[in-house]
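Source file: model-v5.cif. Holds: mmCIF, C-alpha atoms.
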```
data_entry
loop_
_atom_site.group_PDB
_atom_site.id
_atom_site.type_symbol
_atom_site.label_atom_id
_atom_site.label_comp_id
_atom_site.auth_asym_id
_atom_site.auth_seq_id
_atom_site.Cartn_x
_atom_site.Cartn_y
_atom_site.Cartn_z
ATOM 1 C CA MET A 286 -33.127 39.137 21.704
ATOM 2 C CA LYS A 287 -29.566 38.773 20.393
ATOM 3 C CA ASN A 288 -28.392 37.203 23.643
ATOM 4 C CA THR A 289 -31.555 35.107 23.857
ATOM 5 C CA LEU A 290 -31.128 33.807 20.307
ATOM 6 C CA LEU A 291 -27.399 33.234 20.734
ATOM 7 C CA ALA A 292 -27.972 31.231 23.925
ATOM 8 C CA ALA A 293 -30.715 29.224 22.261
ATOM 9 C CA THR A 294 -28.487 28.712 19.210
ATOM 10 C CA MET A 295 -25.744 27.211 21.344
ATOM 11 C CA THR A 296 -28.271 24.895 22.980
ATOM 12 C CA ALA A 297 -29.722 23.814 19.629
ATOM 13 C CA ALA A 298 -26.265 23.126 18.208
ATOM 14 C CA THR A 299 -25.422 21.002 21.240
ATOM 15 C CA LEU A 300 -28.725 19.117 21.164
ATOM 16 C CA GLY A 301 -28.740 18.679 17.392
ATOM 17 C CA GLY A 302 -25.278 17.120 17.358
ATOM 18 C CA ALA A 303 -24.448 18.630 13.938
ATOM 19 C CA PRO A 304 -22.844 21.969 13.223
ATOM 20 C CA ALA A 305 -25.163 24.666 11.914
ATOM 21 C CA ASN A 306 -23.136 24.856 8.690
ATOM 22 C CA ALA A 307 -23.323 21.150 7.788
ATOM 23 C CA GLN A 308 -23.816 20.350 4.090
ATOM 24 C CA ASN A 309 -26.704 17.951 4.693
ATOM 25 C CA ILE A 310 -30.427 18.382 5.129
ATOM 26 C CA GLN A 311 -31.015 19.014 8.805
ATOM 27 C CA VAL A 312 -34.137 18.471 10.852
ATOM 28 C CA PHE A 313 -34.430 20.504 14.022
ATOM 29 C CA PRO A 314 -36.998 18.547 16.058
ATOM 30 C CA SER A 315 -39.723 20.593 17.686
ATOM 31 C CA GLY A 316 -38.916 21.102 21.349
ATOM 32 C CA SER A 317 -35.244 20.142 20.992
ATOM 33 C CA SER A 318 -34.201 23.564 22.233
ATOM 34 C CA PRO A 319 -35.571 24.798 25.565
ATOM 35 C CA SER A 320 -37.903 27.788 25.629
ATOM 36 C CA VAL A 321 -36.313 31.005 26.847
ATOM 37 C CA ILE A 322 -38.032 33.865 28.680
ATOM 38 C CA ALA A 323 -37.174 37.055 26.779
ATOM 39 C CA ASP A 324 -34.811 39.544 28.396
ATOM 40 C CA PRO A 325 -36.771 42.292 30.242
ATOM 41 C CA LYS A 326 -34.202 44.845 29.033
ATOM 42 C CA ASN A 327 -35.519 44.285 25.492
ATOM 43 C CA PHE A 328 -39.140 43.196 26.061
ATOM 44 C CA SER A 329 -42.088 44.324 28.188
ATOM 45 C CA GLY A 330 -44.506 41.740 29.566
ATOM 46 C CA GLN A 331 -44.434 37.976 29.221
ATOM 47 C CA VAL A 332 -42.574 36.888 26.082
ATOM 48 C CA VAL A 333 -41.275 33.376 25.334
ATOM 49 C CA VAL A 334 -38.770 32.587 22.558
ATOM 50 C CA ASP A 335 -38.385 29.125 21.025
ATOM 51 C CA LEU A 336 -35.400 28.836 18.665
ATOM 52 C CA LEU A 337 -36.352 27.156 15.383
ATOM 53 C CA THR A 338 -33.091 27.344 13.426
ATOM 54 C CA PRO A 339 -29.663 28.633 14.408
ATOM 55 C CA PRO A 340 -27.622 30.891 12.132
ATOM 56 C CA SER A 341 -25.131 29.260 9.781
ATOM 57 C CA VAL A 342 -22.332 30.342 7.467
ATOM 58 C CA GLU A 343 -24.453 29.579 4.389
ATOM 59 C CA THR A 344 -27.558 31.339 5.724
ATOM 60 C CA PRO A 345 -26.660 34.215 8.028
ATOM 61 C CA ALA A 346 -30.027 34.236 9.762
ATOM 62 C CA SER A 347 -31.777 32.582 12.650
ATOM 63 C CA SER A 348 -35.441 31.954 13.276
ATOM 64 C CA GLY A 349 -37.549 31.668 16.369
ATOM 65 C CA LEU A 350 -41.157 31.381 17.425
ATOM 66 C CA VAL A 351 -41.882 34.374 19.653
ATOM 67 C CA THR A 352 -45.016 34.263 21.807
ATOM 68 C CA PHE A 353 -46.350 37.466 23.375
ATOM 69 C CA ALA A 354 -48.996 37.562 26.128
ATOM 70 C CA PRO A 355 -51.565 40.395 25.818
ATOM 71 C CA ARG A 356 -49.820 43.804 26.150
ATOM 72 C CA ALA A 357 -46.352 42.233 25.780
ATOM 73 C CA ARG A 358 -44.034 43.788 23.215
ATOM 74 C CA THR A 359 -40.472 44.367 22.115
ATOM 75 C CA ALA A 360 -38.481 47.466 22.938
ATOM 76 C CA TRP A 361 -37.765 49.888 20.127
ATOM 77 C CA HIS A 362 -35.092 48.310 17.972
ATOM 78 C CA SER A 363 -33.705 47.962 14.466
ATOM 79 C CA HIS A 364 -31.961 45.210 12.527
ATOM 80 C CA PRO A 365 -28.714 45.773 10.614
ATOM 81 C CA ALA A 366 -29.809 43.355 7.870
ATOM 82 C CA GLY A 367 -33.627 43.376 8.251
ATOM 83 C CA GLN A 368 -36.190 40.954 9.654
ATOM 84 C CA THR A 369 -39.193 38.984 8.426
ATOM 85 C CA LEU A 370 -42.125 38.218 10.736
ATOM 86 C CA ILE A 371 -44.714 35.545 9.923
ATOM 87 C CA VAL A 372 -47.707 35.833 12.235
ATOM 88 C CA THR A 373 -48.918 32.384 13.323
ATOM 89 C CA ALA A 374 -51.563 33.078 15.992
ATOM 90 C CA GLY A 375 -53.506 35.812 17.747
ATOM 91 C CA LYS A 376 -53.504 39.498 16.957
ATOM 92 C CA GLY A 377 -50.675 41.981 17.249
ATOM 93 C CA TRP A 378 -49.279 45.335 16.275
ATOM 94 C CA VAL A 379 -46.130 46.507 14.512
ATOM 95 C CA GLN A 380 -45.072 50.138 14.428
ATOM 96 C CA ARG A 381 -42.322 52.070 12.709
ATOM 97 C CA GLU A 382 -41.172 55.137 14.619
ATOM 98 C CA GLY A 383 -43.141 58.202 13.554
ATOM 99 C CA GLN A 384 -45.891 56.214 11.822
ATOM 100 C CA ALA A 385 -49.219 54.719 12.903
ATOM 101 C CA ARG A 386 -49.114 51.176 14.237
ATOM 102 C CA GLN A 387 -50.497 48.432 12.014
ATOM 103 C CA GLU A 388 -52.524 45.400 13.040
ATOM 104 C CA ILE A 389 -51.084 41.999 12.177
ATOM 105 C CA LYS A 390 -52.881 38.644 12.287
ATOM 106 C CA PRO A 391 -52.268 34.981 11.380
ATOM 107 C CA GLY A 392 -50.972 34.543 7.851
ATOM 108 C CA ASP A 393 -49.601 38.093 7.603
ATOM 109 C CA VAL A 394 -45.951 38.438 6.601
ATOM 110 C CA VAL A 395 -44.110 41.579 7.682
ATOM 111 C CA TRP A 396 -40.796 42.726 6.160
ATOM 112 C CA ILE A 397 -38.827 45.203 8.272
ATOM 113 C CA PRO A 398 -35.963 46.747 6.280
ATOM 114 C CA ALA A 399 -32.488 47.245 7.712
ATOM 115 C CA GLY A 400 -32.055 50.189 10.064
ATOM 116 C CA ILE A 401 -35.783 50.907 10.614
ATOM 117 C CA LYS A 402 -36.592 51.748 14.262
ATOM 118 C CA HIS A 403 -39.725 49.810 15.233
ATOM 119 C CA TRP A 404 -41.460 47.601 17.788
ATOM 120 C CA HIS A 405 -43.909 44.688 17.560
ATOM 121 C CA GLY A 406 -46.001 42.674 19.974
ATOM 122 C CA ALA A 407 -49.460 41.629 21.099
ATOM 123 C CA THR A 408 -52.517 43.860 21.264
ATOM 124 C CA ASP A 409 -53.896 44.984 24.608
ATOM 125 C CA THR A 410 -56.556 42.225 24.560
ATOM 126 C CA ASN A 411 -55.010 39.348 22.573
ATOM 127 C CA GLY A 412 -51.791 37.409 22.664
ATOM 128 C CA MET A 413 -49.806 36.967 19.448
ATOM 129 C CA SER A 414 -47.172 34.592 18.110
ATOM 130 C CA HIS A 415 -44.907 35.062 15.133
ATOM 131 C CA ILE A 416 -41.948 33.390 13.552
ATOM 132 C CA ALA A 417 -39.108 35.895 13.416
ATOM 133 C CA ILE A 418 -36.464 35.356 10.757
ATOM 134 C CA THR A 419 -33.655 37.676 11.705
ATOM 135 C CA TYR A 420 -30.785 38.318 9.322
ATOM 136 C CA ILE A 421 -27.291 38.752 10.708
ATOM 137 C CA GLN A 422 -24.645 41.214 9.574
ATOM 138 C CA ASN A 423 -21.152 41.220 11.068
ATOM 139 C CA GLY A 424 -22.327 38.923 13.867
ATOM 140 C CA LYS A 425 -25.173 41.242 14.899
ATOM 141 C CA ASN A 426 -28.924 40.718 14.487
ATOM 142 C CA ALA A 427 -30.441 43.671 16.397
ATOM 143 C CA ASP A 428 -29.720 47.075 17.862
ATOM 144 C CA TRP A 429 -31.835 47.390 21.006
ATOM 145 C CA MET A 430 -33.050 50.777 22.197
ATOM 146 C CA GLU A 431 -35.438 52.056 24.884
ATOM 147 C CA LEU A 432 -38.519 50.153 26.042
ATOM 148 C CA VAL A 433 -41.841 51.163 24.477
ATOM 149 C CA THR A 434 -43.662 53.119 27.180
ATOM 150 C CA ASP A 435 -47.248 52.349 28.152
ATOM 151 C CA GLU A 436 -48.222 55.733 26.667
ATOM 152 C CA GLU A 437 -46.516 54.961 23.330
ATOM 153 C CA TYR A 438 -48.097 51.504 23.315
ATOM 154 C CA ALA A 439 -51.603 52.922 23.953
ATOM 155 C CA THR A 440 -51.310 55.579 21.211
ATOM 156 C CA ARG A 441 -53.174 54.586 18.087
#
```

Conversion result in structure tokens:
Amino acid sequence: MKNTLLAATMTAATLGGAPANAQNIQVFPSGSSPSVIADPKNFSGQVVVDLLTPPSVETPASSGLVTFAPRARTAWHSHPAGQTLIVTAGKGWVQREGQARQEIKPGDVVWIPAGIKHWHGATDTNGMSHIAITYIQNGKNADWMELVTDEEYATR
């Protein structure tokens, strides 16, 4: 997702016309940044990312609306500075390595602490969308690992 978000960030900065660290209120119009198909090295299934806000010097984070088709999910990964997910539609799962997966639904807010190996995505029967607010440390927002296997995904 790092490359996806960085590419989308560059597009948003170009389209917005103002640097991400401007000292004024900024409006990022809906649809001003093109949707990006998530990298299959880091995601399984159909996943679309829409950048909402690029990172800035004042707020070292970026945000994006991530839409997962049924059965689509992230690879195992962690975040050097943590991540917040705000579920906006559908039904999904989030799972920390070694623990049972948890169901997430619209209105749920998920905090994933720094360094926690996890995955998140849609259930096997429903799509899911969430806003991901990803915090950046030393220019890095995620450490991507192996894809979640179908067997791991199916394990309750």

Need to verify the contact set: His362 in chain A, 8 Å, only C-alpha atoms, exclusion of same-chain residues closer than 3 positions in sequence. Can you return it as a PDB file with C-alpha atoms, in the coordinates of the input?
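Resulting contents of around15.pdb:
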```
ATOM      1  CA  THR A 359     -40.472  44.367  22.115  1.00  0.00           C
ATOM      2  CA  ILE A 401     -35.783  50.907  10.614  1.00  0.00           C
ATOM      3  CA  LYS A 402     -36.592  51.748  14.262  1.00  0.00           C
ATOM      4  CA  HIS A 403     -39.725  49.810  15.233  1.00  0.00           C
ATOM      5  CA  TRP A 404     -41.460  47.601  17.788  1.00  0.00           C
ATOM      6  CA  ALA A 427     -30.441  43.671  16.397  1.00  0.00           C
ATOM      7  CA  ASP A 428     -29.720  47.075  17.862  1.00  0.00           C
ATOM      8  CA  TRP A 429     -31.835  47.390  21.006  1.00  0.00           C
ATOM      9  CA  MET A 430     -33.050  50.777  22.197  1.00  0.00           C
ATOM     10  CA  GLU A 431     -35.438  52.056  24.884  1.00  0.00           C
TER      11      GLU A 431
END
```

*May I have the residues within 10 Å of Pro325 in chain A as a PyMOL selection string, using all atoms listed in the file and disregarding those fewer than 2 positions away in the same chain?*
chain A and resi 286+322-323+327-332+359-360+432

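With all atoms listed in the file as the basis for measurement, A:Leu350 is the residue among A:Asn309, A:Pro314, A:Leu350, A:Leu337 that approaches Ser414 in chain A most closely.
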
*Using only C-alpha atoms, which residue out of A:Asn411, A:Gln308, A:Tyr438, A:Glu382 lies closest to Thr344 in chain A?*
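Result for the nearest residue to Thr344 in chain A: A:Gln308.
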
*Among the residues A:Ser315, A:Thr410, A:Gln387, A:Ser348, the one that comes closest to Ile371 in chain A [using all atoms listed in the file]*: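 Ranked by minimum distance to Ile371 in chain A, first place goes to A:Ser348.
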
*Residue nearest His364 in chain A among A:Gln311, A:Gly406, A:Ala346, A:Asp324 (counting only C-alpha atoms)*: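 Closest to His364 in chain A, using only C-alpha atoms: A:Ala346.
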
*asked:* I'd like the contact shell of Ile421 in chain A - 7 Å cut-off, all atoms listed in the file, skipping same-chain residues fewer than 2 positions apart - returned as a VMD selection string.
replied: chain A and resid 345 to 346 366 419 423 to 426

*asked:* Here is a test: counting all atoms listed in the file, which residue of A:Lys326, A:Asp393, A:Gln380, A:Pro398 is nearest to Ala439 in chain A?
replied: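 Residue with the minimum atom-to-atom distance to Ala439 in chain A: A:Gln380.
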
*Separation of CA of Lys376 in chain A from CA of Pro391 in chain A in Å*: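 Separation of CA of Pro391 in chain A and CA of Lys376 in chain A: 7.3 Å.
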
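From CA of Ala385 in chain A back to CA of Thr440 in chain A, the distance works out to 8.6 Å.
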
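The residues caught by the PyMOL selection byres ((chain A and resi 321) around 7) in this file are Thr289, Pro319, Ser320, Ile322, Ala323, Val333, Val334 and Asp335 of chain A.
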
_Of the listed residues A:Val433, A:Leu336, A:Val351, A:Ile397, that which approaches Gly316 in chain A most closely, counting all atoms listed in the file_ = A:Leu336

*Coordinates-based distance that separates CA of Gly375 in chain A from CA of Val312 in chain A (Å, one decimal)*: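 Atom-to-atom, CA of Val312 in chain A to CA of Gly375 in chain A, that is 26.9 Å.
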